[in-house]
$ cat coords_39.txt   # compact mmCIF, C-alpha atoms and all ligand atoms
# COMPACT_ATOMS: atom_id res chain seq x y z
CA MET A 10 129.84 229.42 -148.31
CA LYS A 11 130.17 228.50 -144.66
CA LEU A 12 132.07 230.98 -142.49
CA GLU A 13 135.02 229.96 -140.36
CA ILE A 14 134.54 230.64 -136.65
CA ARG A 15 137.77 231.03 -134.71
CA ARG A 16 139.25 232.59 -131.61
CA ALA A 17 141.05 235.92 -132.10
CA VAL A 18 144.81 236.33 -131.72
CA ALA A 19 146.63 239.53 -130.72
CA ASP A 20 147.51 240.37 -134.34
CA ASP A 21 143.82 240.45 -135.29
CA LEU A 22 143.28 243.71 -133.44
CA PRO A 23 143.74 246.17 -136.36
CA ALA A 24 141.37 244.18 -138.63
CA LEU A 25 138.98 243.71 -135.75
CA ALA A 26 138.94 247.47 -135.18
CA VAL A 27 138.07 248.00 -138.86
CA ALA A 28 135.18 245.50 -138.58
CA ASP A 29 133.89 247.13 -135.39
CA GLY A 30 134.33 250.62 -136.84
CA ARG A 31 132.23 249.70 -139.88
CA ALA A 32 129.42 248.39 -137.68
CA PHE A 33 129.36 251.44 -135.40
CA GLY A 34 130.31 254.14 -137.95
CA LEU A 35 133.79 254.89 -136.60
CA HIS A 36 137.34 255.02 -137.93
CA TYR A 37 139.78 253.98 -135.22
CA SER A 38 143.23 255.55 -135.36
CA SER A 39 146.42 253.64 -134.58
CA THR A 40 146.50 255.53 -131.25
CA ASP A 41 142.99 254.24 -130.46
CA ILE A 42 144.19 250.72 -131.18
CA ASP A 43 147.31 251.15 -129.02
CA ASP A 44 145.17 252.50 -126.15
CA PHE A 45 142.82 249.56 -126.42
CA ARG A 46 145.50 246.86 -126.70
CA PRO A 47 146.11 246.43 -122.94
CA ILE A 48 142.44 245.65 -122.26
CA PHE A 49 142.05 243.43 -125.33
CA GLU A 50 142.04 239.77 -124.30
CA PRO A 51 142.19 237.95 -127.66
CA ASN A 52 141.19 234.60 -126.20
CA ARG A 53 137.91 236.25 -125.11
CA PHE A 54 137.00 237.20 -128.70
CA LEU A 55 135.35 234.94 -131.29
CA LEU A 56 135.46 235.89 -134.96
CA ALA A 57 133.44 234.80 -137.98
CA CYS A 58 135.65 234.99 -141.08
CA GLU A 59 135.27 234.46 -144.80
CA PRO A 60 137.26 231.29 -145.55
CA GLU A 61 138.39 232.65 -148.92
CA ASP A 62 140.30 235.74 -147.76
CA GLY A 63 140.02 235.56 -143.96
CA ALA A 64 137.98 238.82 -143.82
CA ILE A 65 136.38 239.34 -140.40
CA VAL A 66 132.61 239.63 -140.84
CA GLY A 67 131.38 238.88 -137.32
CA VAL A 68 132.71 239.53 -133.83
CA THR A 69 131.80 238.95 -130.23
CA GLY A 70 134.08 239.51 -127.26
CA SER A 71 134.07 239.94 -123.53
CA TYR A 72 135.96 241.44 -120.62
CA THR A 73 136.42 239.90 -117.20
CA PHE A 74 134.99 241.98 -114.35
CA ASP A 75 133.85 241.56 -110.78
CA LEU A 76 130.25 242.70 -110.49
CA THR A 77 128.39 243.75 -107.34
CA LEU A 78 124.97 242.23 -106.67
CA PRO A 79 122.23 243.78 -104.53
CA GLY A 80 123.25 243.38 -100.91
CA GLY A 81 126.97 243.49 -101.68
CA GLY A 82 127.79 239.98 -102.98
CA VAL A 83 130.40 240.03 -105.75
CA LEU A 84 130.52 237.65 -108.73
CA PRO A 85 133.19 237.21 -111.42
CA THR A 86 131.32 238.22 -114.56
CA GLN A 87 131.91 238.41 -118.31
CA GLY A 88 131.02 241.76 -119.88
CA VAL A 89 130.01 241.01 -123.48
CA THR A 90 131.23 243.59 -125.96
CA TRP A 91 132.19 244.35 -129.58
CA VAL A 92 129.20 242.37 -130.91
CA SER A 93 128.81 243.11 -134.60
CA VAL A 94 128.15 241.52 -137.97
CA ALA A 95 129.06 243.20 -141.27
CA THR A 96 126.05 244.64 -143.02
CA THR A 97 127.04 242.48 -146.02
CA HIS A 98 126.49 239.33 -143.89
CA ARG A 99 123.46 240.28 -141.83
CA TRP A 100 120.33 238.20 -141.10
CA ARG A 101 122.08 234.89 -141.73
CA GLY A 102 122.41 233.82 -138.13
CA VAL A 103 126.07 234.90 -137.75
CA ALA A 104 125.52 236.80 -134.48
CA ALA A 105 123.32 233.99 -133.15
CA GLU A 106 126.05 231.43 -133.87
CA LEU A 107 128.81 233.54 -132.28
CA LEU A 108 126.73 234.37 -129.19
CA SER A 109 125.65 230.78 -128.80
CA ARG A 110 129.26 229.50 -128.85
CA GLN A 111 130.46 232.29 -126.58
CA HIS A 112 127.78 231.76 -123.93
CA ARG A 113 128.13 227.96 -124.02
CA GLU A 114 131.84 228.46 -123.37
CA PHE A 115 131.02 230.79 -120.45
CA ALA A 116 128.75 228.12 -118.95
CA GLU A 117 131.36 225.38 -119.45
CA GLU A 118 133.98 227.53 -117.72
CA GLY A 119 131.65 228.01 -114.75
CA VAL A 120 130.93 231.71 -115.39
CA ALA A 121 127.67 232.37 -113.50
CA LEU A 122 126.71 235.71 -115.03
CA SER A 123 127.29 237.80 -118.14
CA VAL A 124 126.27 241.41 -118.72
CA LEU A 125 126.23 243.90 -121.57
CA THR A 126 124.89 247.24 -122.70
CA ALA A 127 122.77 246.99 -125.85
CA SER A 128 122.80 249.22 -128.91
CA GLU A 129 119.14 248.28 -129.45
CA GLY A 130 116.65 246.97 -126.91
CA GLY A 131 115.24 244.27 -129.20
CA ILE A 132 118.38 242.20 -129.75
CA TYR A 133 119.30 240.34 -126.58
CA GLY A 134 116.09 239.01 -125.01
CA ARG A 135 116.24 235.97 -127.31
CA PHE A 136 119.68 235.18 -125.91
CA GLY A 137 118.35 235.03 -122.34
CA TYR A 138 119.26 238.56 -121.30
CA GLY A 139 116.94 240.75 -119.29
CA ALA A 140 117.03 244.50 -118.70
CA ALA A 141 118.64 244.75 -115.28
CA GLY A 142 119.20 248.48 -114.97
CA ARG A 143 118.07 251.93 -115.98
CA GLU A 144 120.39 254.60 -117.30
CA ARG A 145 119.40 258.23 -117.05
CA SER A 146 120.97 261.31 -118.62
CA VAL A 147 120.26 264.63 -116.92
CA LYS A 148 120.69 268.30 -117.73
CA ILE A 149 120.72 271.01 -115.09
CA ASP A 150 120.37 274.75 -115.73
CA ARG A 151 122.97 275.82 -113.23
CA ARG A 152 121.51 279.31 -112.74
CA LEU A 153 118.18 277.86 -111.57
CA ALA A 154 119.59 275.06 -109.40
CA ARG A 155 119.85 276.26 -105.80
CA PHE A 156 120.70 274.00 -102.90
CA ARG A 157 118.17 273.73 -100.09
CA ALA A 158 119.15 275.99 -97.21
CA ASP A 159 119.51 272.94 -94.96
CA ALA A 160 121.13 270.64 -97.55
CA PRO A 161 124.43 269.09 -96.46
CA ASP A 162 127.53 271.13 -97.29
CA PRO A 163 130.40 268.91 -96.22
CA GLY A 164 133.17 270.56 -98.31
CA GLY A 165 136.50 268.80 -98.70
CA VAL A 166 136.64 268.91 -102.53
CA ARG A 167 139.87 269.88 -104.32
CA PHE A 168 141.01 270.00 -107.93
CA ALA A 169 143.46 267.25 -108.81
CA THR A 170 145.83 266.40 -111.64
CA THR A 171 145.32 263.26 -113.70
CA ASP A 172 148.23 261.63 -111.86
CA GLU A 173 146.65 262.41 -108.49
CA VAL A 174 143.34 261.01 -109.67
CA ARG A 175 145.06 257.92 -111.02
CA ALA A 176 146.52 257.36 -107.54
CA LYS A 177 143.36 258.09 -105.51
CA ALA A 178 140.38 257.14 -107.64
CA PRO A 179 140.78 253.32 -107.66
CA ASP A 180 140.25 253.13 -103.89
CA VAL A 181 137.21 255.43 -104.05
CA HIS A 182 135.84 253.40 -106.96
CA ARG A 183 136.27 250.11 -105.06
CA ARG A 184 134.33 251.54 -102.12
CA TRP A 185 131.66 252.99 -104.43
CA ALA A 186 131.36 249.63 -106.24
CA ALA A 187 130.95 247.73 -102.96
CA ARG A 188 127.67 249.56 -102.30
CA THR A 189 126.35 249.81 -105.85
CA PRO A 190 124.49 246.92 -107.51
CA GLY A 191 125.63 246.32 -111.08
CA ALA A 192 128.98 248.10 -110.53
CA VAL A 193 131.76 246.57 -112.62
CA SER A 194 135.33 246.62 -111.33
CA ARG A 195 138.06 248.72 -112.94
CA ASP A 196 141.56 247.28 -112.86
CA ASP A 197 144.75 249.24 -113.61
CA ARG A 198 144.35 248.68 -117.35
CA TRP A 199 140.85 250.16 -117.27
CA TRP A 200 142.00 253.16 -115.24
CA ASP A 201 144.74 253.90 -117.77
CA TYR A 202 142.23 253.51 -120.60
CA SER A 203 139.58 255.69 -118.90
CA LEU A 204 141.97 258.51 -118.05
CA ALA A 205 143.80 258.55 -121.41
CA ASP A 206 141.47 261.41 -122.47
CA ARG A 207 142.54 261.46 -126.12
CA ALA A 208 141.58 264.59 -128.07
CA ASP A 209 139.53 262.53 -130.57
CA TYR A 210 137.12 261.56 -127.81
CA ARG A 211 136.46 265.01 -126.38
CA ASP A 212 133.62 265.76 -128.77
CA GLY A 213 134.58 269.42 -128.98
CA GLY A 214 135.09 269.76 -125.23
CA SER A 215 138.14 270.63 -123.15
CA ALA A 216 140.54 268.11 -121.67
CA LEU A 217 139.25 266.59 -118.44
CA PHE A 218 139.15 268.49 -115.15
CA HIS A 219 139.17 266.36 -112.01
CA LEU A 220 137.62 267.01 -108.60
CA VAL A 221 138.53 264.77 -105.67
CA HIS A 222 137.12 264.32 -102.19
CA PRO A 223 138.45 261.78 -99.66
CA ASP A 224 135.45 259.57 -100.55
CA GLY A 225 134.65 260.62 -104.10
CA TYR A 226 135.83 261.71 -107.48
CA ALA A 227 134.34 263.50 -110.49
CA SER A 228 135.77 264.29 -113.94
CA TYR A 229 134.22 266.78 -116.32
CA ARG A 230 134.96 268.63 -119.49
CA VAL A 231 133.84 272.09 -120.57
CA HIS A 232 132.14 272.66 -123.92
CA HIS A 233 132.59 276.40 -124.32
CA ASP A 234 130.39 276.83 -127.39
CA ASP A 235 127.40 275.32 -125.59
CA HIS A 236 128.17 276.91 -122.18
CA LEU A 237 128.13 273.37 -120.93
CA CYS A 238 129.96 271.32 -118.36
CA ARG A 239 129.71 267.59 -119.05
CA VAL A 240 130.27 265.20 -116.15
CA VAL A 241 132.15 262.20 -117.54
CA ASP A 242 132.89 260.18 -114.38
CA PHE A 243 131.24 260.50 -110.96
CA PHE A 244 131.81 258.10 -108.08
CA ALA A 245 130.89 258.81 -104.49
CA ALA A 246 131.50 256.19 -101.81
CA THR A 247 129.55 258.23 -99.22
CA ASP A 248 126.56 260.56 -99.32
CA GLU A 249 128.80 263.37 -97.99
CA ALA A 250 131.12 262.98 -100.98
CA HIS A 251 128.11 262.97 -103.30
CA ALA A 252 126.77 266.25 -101.90
CA ALA A 253 130.22 267.86 -101.76
CA LEU A 254 131.06 266.97 -105.37
CA TRP A 255 127.71 268.20 -106.69
CA ARG A 256 128.15 271.45 -104.75
CA ALA A 257 131.49 271.94 -106.51
CA LEU A 258 130.08 271.03 -109.94
CA LEU A 259 127.07 273.31 -109.60
CA GLY A 260 129.41 276.10 -108.57
CA ILE A 261 131.18 276.22 -111.94
CA ASP A 262 130.22 279.80 -112.69
CA LEU A 263 130.74 280.10 -116.40
CA ALA A 264 128.89 276.94 -117.36
CA ARG A 265 125.19 277.52 -117.86
CA PHE A 266 124.31 273.83 -118.09
CA ILE A 267 125.66 270.73 -116.39
CA THR A 268 124.97 267.35 -117.98
CA ALA A 269 125.63 263.86 -116.67
CA ASP A 270 125.05 260.69 -118.68
CA ALA A 271 124.81 258.16 -115.88
CA CYS A 272 122.75 259.70 -113.12
CA PRO A 273 120.80 256.89 -111.42
CA VAL A 274 117.03 257.29 -111.24
CA ASP A 275 117.31 257.22 -107.43
CA ASP A 276 120.21 259.69 -107.27
CA PRO A 277 119.64 262.00 -104.29
CA LEU A 278 120.76 265.08 -106.25
CA PRO A 279 117.24 266.42 -107.03
CA PHE A 280 116.43 266.42 -103.31
CA LEU A 281 119.52 268.43 -102.44
CA LEU A 282 117.95 271.26 -104.47
CA GLU A 283 115.14 273.67 -103.63
CA ASP A 284 113.47 272.67 -106.89
CA PRO A 285 114.06 268.96 -107.67
CA ARG A 286 112.66 269.47 -111.17
CA GLN A 287 115.82 271.34 -112.13
CA VAL A 288 117.51 267.95 -112.55
CA ARG A 289 115.85 267.38 -115.90
CA THR A 290 115.86 263.87 -117.39
CA THR A 291 116.92 264.11 -121.03
CA GLU A 292 117.10 260.36 -121.68
CA LEU A 293 116.10 257.23 -119.84
CA LYS A 294 117.09 253.86 -121.26
CA ASP A 295 117.69 250.30 -120.21
CA GLY A 296 121.40 250.44 -119.34
CA LEU A 297 122.76 247.14 -118.05
CA TRP A 298 121.42 243.82 -119.36
CA ALA A 299 122.20 240.58 -117.53
CA ARG A 300 122.15 236.89 -118.42
CA LEU A 301 122.19 234.25 -115.68
CA LEU A 302 124.31 231.25 -116.67
CA ASP A 303 124.11 229.57 -113.28
CA VAL A 304 120.81 230.45 -111.63
CA PRO A 305 121.60 228.98 -108.16
CA ALA A 306 125.04 230.67 -108.06
CA VAL A 307 123.64 234.13 -108.87
CA LEU A 308 120.60 233.95 -106.60
CA ALA A 309 122.68 232.60 -103.71
CA ALA A 310 125.31 235.33 -104.14
CA ARG A 311 122.96 238.25 -103.50
CA ARG A 312 121.43 239.23 -100.17
CA TYR A 313 117.70 239.76 -99.56
CA PRO A 314 116.35 242.49 -97.27
CA VAL A 315 113.59 240.15 -95.97
CA GLU A 316 113.36 236.37 -95.68
CA ILE A 317 112.23 234.62 -98.85
CA ASP A 318 111.46 230.96 -99.53
CA ALA A 319 110.08 230.39 -103.02
CA VAL A 320 110.29 227.88 -105.85
CA LEU A 321 110.73 229.40 -109.31
CA GLU A 322 110.32 227.60 -112.64
CA VAL A 323 112.83 229.26 -114.97
CA ALA A 324 112.70 228.77 -118.76
CA ASP A 325 115.82 229.15 -120.92
CA ALA A 326 115.02 228.51 -124.58
CA PHE A 327 118.49 229.63 -125.74
CA LEU A 328 120.91 227.59 -123.61
CA GLY A 329 118.69 225.20 -121.64
CA LEU A 330 120.16 226.35 -118.33
CA GLY A 331 116.77 226.84 -116.68
CA GLY A 332 114.96 224.50 -114.32
CA ARG A 333 113.03 224.58 -111.08
CA PHE A 334 114.90 226.19 -108.20
CA ARG A 335 114.13 226.75 -104.54
CA LEU A 336 115.48 230.07 -103.25
CA ARG A 337 115.86 230.54 -99.52
CA GLY A 338 117.41 233.84 -98.55
CA GLY A 339 117.53 236.77 -96.18
CA PRO A 340 119.79 239.61 -95.04
CA ASP A 341 122.60 237.28 -93.94
CA GLY A 342 122.82 234.99 -96.93
CA ALA A 343 120.97 232.75 -99.34
CA SER A 344 120.91 229.29 -100.82
CA CYS A 345 119.37 228.08 -104.04
CA GLU A 346 119.12 224.56 -105.43
CA PRO A 347 117.22 222.55 -108.04
CA VAL A 348 114.05 220.94 -106.66
CA ALA A 349 111.11 218.92 -107.91
CA SER A 350 108.43 220.54 -105.70
CA ALA A 351 105.59 222.63 -107.12
CA PRO A 352 106.64 226.11 -108.27
CA ASP A 353 105.36 229.40 -106.80
CA GLY A 354 106.27 231.39 -109.92
CA TRP A 355 107.05 230.88 -113.63
CA LEU A 356 109.35 233.15 -115.65
CA SER A 357 112.07 233.21 -118.31
CA ILE A 358 115.74 233.45 -117.39
CA GLY A 359 115.82 237.00 -118.81
CA THR A 360 112.89 238.05 -116.64
CA LEU A 361 114.69 236.56 -113.66
CA ALA A 362 117.64 238.88 -114.43
CA SER A 363 115.28 241.87 -114.38
CA LEU A 364 113.92 240.73 -111.01
CA ALA A 365 117.25 239.68 -109.50
CA PHE A 366 118.87 243.12 -109.76
CA GLY A 367 115.94 244.77 -108.00
CA THR A 368 115.36 247.26 -110.81
CA HIS A 369 112.04 245.95 -112.07
CA ARG A 370 109.27 244.85 -109.73
CA GLY A 371 107.61 241.46 -109.95
CA HIS A 372 104.24 243.23 -110.11
CA THR A 373 105.30 245.13 -113.25
CA LEU A 374 106.72 242.00 -114.87
CA ALA A 375 103.54 240.06 -114.02
CA ARG A 376 101.34 242.78 -115.49
CA SER A 377 103.22 242.44 -118.77
CA GLY A 378 102.80 238.66 -118.74
CA MET A 379 106.50 237.94 -118.16
CA LEU A 380 106.08 236.49 -114.68
CA GLU A 381 103.28 234.27 -113.47
CA ALA A 382 102.65 234.10 -109.73
CA ALA A 383 99.77 234.53 -107.31
CA ALA A 384 99.39 237.98 -105.72
CA PRO A 385 100.79 236.98 -102.28
CA VAL A 386 103.86 235.43 -103.96
CA LEU A 387 104.40 238.60 -106.02
CA ARG A 388 104.31 240.66 -102.83
CA ARG A 389 106.90 238.41 -101.21
CA LEU A 390 109.12 238.45 -104.30
CA ASP A 391 109.00 242.24 -104.54
CA ALA A 392 109.90 242.67 -100.88
CA ALA A 393 112.76 240.17 -101.12
CA PHE A 394 114.30 241.27 -104.44
CA ALA A 395 114.22 244.99 -103.56
CA ALA A 396 117.65 246.65 -103.65
CA ASP A 397 118.82 249.60 -101.56
CA GLN A 398 120.15 251.35 -104.63
CA GLU A 399 119.52 251.36 -108.37
CA VAL A 400 121.89 249.46 -110.66
CA ARG A 401 124.79 251.44 -112.10
CA HIS A 402 127.66 249.76 -113.96
CA GLY A 403 129.85 252.87 -113.91
CA THR A 404 132.11 251.96 -116.86
CA HIS A 405 131.17 251.86 -120.53
CA PHE A 406 132.52 248.60 -121.94
C1 LIG A 501 122.82 243.28 -134.22
C2 LIG A 501 123.69 242.43 -135.13
C3 LIG A 501 124.92 241.98 -134.39
C4 LIG A 501 122.85 241.22 -135.58
O1 LIG A 501 123.68 240.38 -136.41
P1 LIG A 501 123.05 239.31 -137.42
O2 LIG A 501 124.11 238.32 -137.76
O3 LIG A 501 122.38 239.99 -138.53
O4 LIG A 501 121.95 238.61 -136.50
P2 LIG A 501 121.36 237.14 -136.71
O5 LIG A 501 121.10 236.90 -138.15
O6 LIG A 501 122.23 236.16 -136.02
O7 LIG A 501 120.00 237.26 -135.93
C5 LIG A 501 119.76 236.59 -134.70
C6 LIG A 501 118.39 237.00 -134.24
O8 LIG A 501 118.39 238.36 -133.85
C7 LIG A 501 117.44 239.09 -134.63
N1 LIG A 501 118.01 240.40 -134.87
C8 LIG A 501 119.09 240.69 -135.61
N2 LIG A 501 119.32 242.03 -135.57
C9 LIG A 501 118.37 242.57 -134.78
C10 LIG A 501 118.08 243.89 -134.36
N3 LIG A 501 118.81 244.94 -134.75
N4 LIG A 501 117.00 244.07 -133.56
C11 LIG A 501 116.25 243.03 -133.16
N5 LIG A 501 116.48 241.75 -133.53
C12 LIG A 501 117.54 241.53 -134.33
C13 LIG A 501 117.22 238.26 -135.87
O9 LIG A 501 115.95 238.50 -136.40
C14 LIG A 501 117.31 236.85 -135.31
O10 LIG A 501 116.11 236.56 -134.65
P3 LIG A 501 115.50 235.06 -134.58
O11 LIG A 501 116.50 234.27 -133.78
O12 LIG A 501 114.22 235.26 -133.86
O13 LIG A 501 115.40 234.62 -135.98
C15 LIG A 501 124.11 243.24 -136.39
O14 LIG A 501 122.99 243.72 -137.02
C16 LIG A 501 125.01 244.43 -136.15
O15 LIG A 501 126.22 244.28 -136.18
N6 LIG A 501 124.43 245.63 -135.92
C17 LIG A 501 125.23 246.85 -135.75
C18 LIG A 501 126.10 246.81 -134.49
C19 LIG A 501 125.29 246.50 -133.25
O16 LIG A 501 124.29 247.14 -132.98
N7 LIG A 501 125.76 245.53 -132.46
C20 LIG A 501 125.17 245.18 -131.19
C21 LIG A 501 125.98 245.85 -130.15
S1 LIG A 501 125.25 245.74 -128.57
$ encode --input "coords_39.txt" --output "structure tokens"
Amino acid sequence: MKLEIRRAVADDLPALAVADGRAFGLHYSSTDIDDFRPIFEPNRFLLACEPEDGAIVGVTGSYTFDLTLPGGGVLPTQGVTWVSVATTHRWRGVAAELLSRQHREFAEEGVALSVLTASEGGIYGRFGYGAAGRERSVKIDRRLARFRADAPDPGGVRFATTDEVRAKAPDVHRRWAARTPGAVSRDDRWWDYSLADRADYRDGGSALFHLVHPDGYASYRVHHDDHLCRVVDFFAATDEAHAALWRALLGIDLARFITADACPVDDPLPFLLEDPRQVRTTELKDGLWARLLDVPAVLAARRYPVEIDAVLEVADAFLGLGGRFRLRGGPDGASCEPVASAPDGWLSIGTLASLAFGTHRGHTLARSGMLEAAAPVLRRLDAAFAADQEVRHGTHF
């Protein structure tokens, strides 16, 4: 029997939470649902339902964010989320149908970019997404981590209450986001949601402690049984705030270990220490995935550290939004438009996402057969697409 595909309404939320919980092995409480309600935008969710009883068997949704591109350009972006299909209805093309409708709607609305974080790395390439970031978890044995004698020690960190953080953190976060590629914005609803700190989500740890600096903010919880301090949020808008906050965190005497789940690969923390190896990587995965829906709009919105003038032939088997585009860009701006002239490079729209965020080098993509270009072109592309900092989205969505 054919499934009905429809847009969600506000009253769908409890049933939607049951469907999502089944897919991800969770039981959401009514408090969870109430917390989530303010950030739930029903018109951004598509549902696949059994026509007989209306049961929800497939879901895809999205949130509206502003996202920072390398060089500081900002684009309104859809963050795709809650993608799931009931195990009873798998492998029948339900997810493909929902994602196809959702992304066609994005394109029709003029959304230039969508992003997501993937439960599995093999799912989203076929939908035109490319791995655009890297997400690293670290563990530090606090007793062995000593700061270099000449490492910065700017001070200025204080403990803060949740209310104080709620007042100060949004400004710090905005300034952090402005300099961080891949950063997604947090509006008031997201701040309330992030700081709710419900007991069910503490995973055996304490309630949150907050540290603030005029240019930074960190939240952590203590897991007494494991002698562990887990950093939950960390945003520094300046390098001074970064050093000051890490000094405070690594000074928490009774915690043997400090862990952080989103420590960028290029985080300067290891080099603040006498022994950089003490910042031990416990997991490294793909993090943010991106899908270009309007190639010229995305490429023209970022800045390029060196001048680039190249024609790229971009293939998009899923939505047919590819083509041949000439990119002309530099530190002060960029333009990109469809052309008929001979291309300098050939790649899929997902590979272009990997290149465009500066995380993955053209040389690496070419060596895996995902990008075709002559060696001098590859060198120019790598110089131009380089980003000052690694991608970090900063908010799990
Ligand atoms: C992943 C999920 C949404 C797929 O739903 P589905 O309706 O079975 O998928 P479809 O039948 O539409 O498959 C579409 C394509 O994706 C492929 N695919 C499906 N699940 C996949 C997986 N886990 N890994 C890799 N490829 C997958 C299918 O083979 C198909 O490929 P094709 O187009 O080359 O034929 C579903 O299995 C699910 O809900 N999983 C648990 C929750 C989850 O991980 N959600 C993703 C959150 S980021």
$ residues_around --input "coords_39.txt" --residues "range 391-402 of chain A" --least-positions-apart "2" --cutoff "9 Å" --atoms "all atoms listed in the file" --output "PyMOL selection string"
chain A and resi 76-80+141-144+186+188-194+271-276+296-297+312-317+338-339+364-372+386-389+404-405
$ residues_near_ligand --input "coords_39.txt" --ligand "ligand LIG 501 (chain A)" --cutoff "9 Å" --atoms "only C-alpha atoms and all ligand atoms" --output "ChimeraX atom specification"
/A:29,31-33,67-69,89-96,98-108,125-136
$ atom_distance --input "coords_39.txt" --atom1 "CA of Ser146 in chain A" --atom2 "CA of Arg265 in chain A"
16.8 Å
$ residues_around --input "coords_39.txt" --residues "Leu122 in chain A" --least-positions-apart "5" --cutoff "6 Å" --atoms "all atoms listed in the file" --output "PyMOL selection string"
chain A and resi 86+300-302
$ residues_around --input "coords_39.txt" --residues "range 162-170 of chain A" --least-positions-apart "4" --cutoff "9 Å" --atoms "only C-alpha atoms" --output "compact mmCIF listing (two decimals) with C-alpha atoms, in the coordinates of the input"
# COMPACT_ATOMS: atom_id res chain seq x y z
CA VAL A 174 143.34 261.01 -109.67
CA ARG A 175 145.06 257.92 -111.02
CA PHE A 218 139.15 268.49 -115.15
CA HIS A 219 139.17 266.36 -112.01
CA LEU A 220 137.62 267.01 -108.60
CA VAL A 221 138.53 264.77 -105.67
CA HIS A 222 137.12 264.32 -102.19
CA PRO A 223 138.45 261.78 -99.66
CA GLY A 225 134.65 260.62 -104.10
CA TYR A 226 135.83 261.71 -107.48
CA GLU A 249 128.80 263.37 -97.99
CA ALA A 250 131.12 262.98 -100.98
CA ALA A 252 126.77 266.25 -101.90
CA ALA A 253 130.22 267.86 -101.76
CA LEU A 254 131.06 266.97 -105.37
CA ARG A 256 128.15 271.45 -104.75
CA ALA A 257 131.49 271.94 -106.51
$ residues_around --input "coords_39.txt" --residues "Ser203 in chain A" --least-positions-apart "5" --cutoff "12 Å" --atoms "all atoms listed in the file" --output "mmCIF file with C-alpha atoms, in the coordinates of the input"
data_model
loop_
_atom_site.group_PDB
_atom_site.id
_atom_site.type_symbol
_atom_site.label_atom_id
_atom_site.label_comp_id
_atom_site.auth_asym_id
_atom_site.auth_seq_id
_atom_site.Cartn_x
_atom_site.Cartn_y
_atom_site.Cartn_z
ATOM 1 C CA ASP A 44 145.170 252.500 -126.150
ATOM 2 C CA PHE A 45 142.820 249.560 -126.420
ATOM 3 C CA ILE A 48 142.440 245.650 -122.260
ATOM 4 C CA THR A 171 145.320 263.260 -113.700
ATOM 5 C CA VAL A 174 143.340 261.010 -109.670
ATOM 6 C CA ARG A 175 145.060 257.920 -111.020
ATOM 7 C CA ALA A 178 140.380 257.140 -107.640
ATOM 8 C CA PRO A 179 140.780 253.320 -107.660
ATOM 9 C CA ARG A 195 138.060 248.720 -112.940
ATOM 10 C CA ASP A 196 141.560 247.280 -112.860
ATOM 11 C CA ASP A 197 144.750 249.240 -113.610
ATOM 12 C CA ARG A 198 144.350 248.680 -117.350
ATOM 13 C CA TYR A 210 137.120 261.560 -127.810
ATOM 14 C CA LEU A 217 139.250 266.590 -118.440
ATOM 15 C CA SER A 228 135.770 264.290 -113.940
ATOM 16 C CA VAL A 241 132.150 262.200 -117.540
ATOM 17 C CA ASP A 242 132.890 260.180 -114.380
ATOM 18 C CA GLY A 403 129.850 252.870 -113.910
ATOM 19 C CA THR A 404 132.110 251.960 -116.860
ATOM 20 C CA HIS A 405 131.170 251.860 -120.530
ATOM 21 C CA PHE A 406 132.520 248.600 -121.940
#
$ atom_distance --input "coords_39.txt" --atom1 "CA of Ala158 in chain A" --atom2 "CA of Val231 in chain A"
27.9 Å
$ residues_near_point --input "coords_39.txt" --point "(139.0, 241.5, -135.9)" --cutoff "9 Å" --atoms "all atoms listed in the file" --output "list in words"
Ala17, Val18, Asp20, Asp21, Leu22, Pro23, Ala24, Leu25, Ala26, Val27, Ala28, Asp29, Phe54, Leu55, Leu56, Ala57, Cys58, Ala64, Ile65, Val66, Gly67 and Val68 of chain A
$ residues_around --input "coords_39.txt" --residues "Ala383 in chain A" --least-positions-apart "6" --cutoff "10 Å" --atoms "all atoms listed in the file" --output "list of chain:residue names"
A:Asp353, A:Gly354, A:Ala375
$ closest_residue --input "coords_39.txt" --among "A:Asp284, A:Tyr138, A:Ile149, A:Asp75" --to "Ala326 in chain A" --atoms "all atoms listed in the file"
A:Tyr138
$ closest_residue --input "coords_39.txt" --among "A:Gly81, A:Thr73, A:Gly88, A:Gln287" --to "Trp185 in chain A" --atoms "all atoms listed in the file"
A:Gly81
$ closest_residue --input "coords_39.txt" --among "A:Asp303, A:Gly63, A:Ala160, A:Asp235" --to "Ala121 in chain A" --atoms "all atoms listed in the file"
A:Asp303
$ atom_distance --input "coords_39.txt" --atom1 "CA of Leu308 in chain A" --atom2 "CA of Glu346 in chain A"
9.6 Å
$ closest_residue --input "coords_39.txt" --among "A:Arg183, A:Arg230, A:Arg289, A:Arg155" --to "Trp255 in chain A" --atoms "all atoms listed in the file"
A:Arg155
$ closest_residue --input "coords_39.txt" --among "A:Asp41, A:Asp224, A:Glu292, A:Glu381" --to "Thr247 in chain A" --atoms "only C-alpha atoms"
A:Asp224
$ closest_residue --input "coords_39.txt" --among "A:Leu356, A:Leu328, A:Ala306, A:Ala362" --to "Ser344 in chain A" --atoms "all atoms listed in the file"
A:Ala306
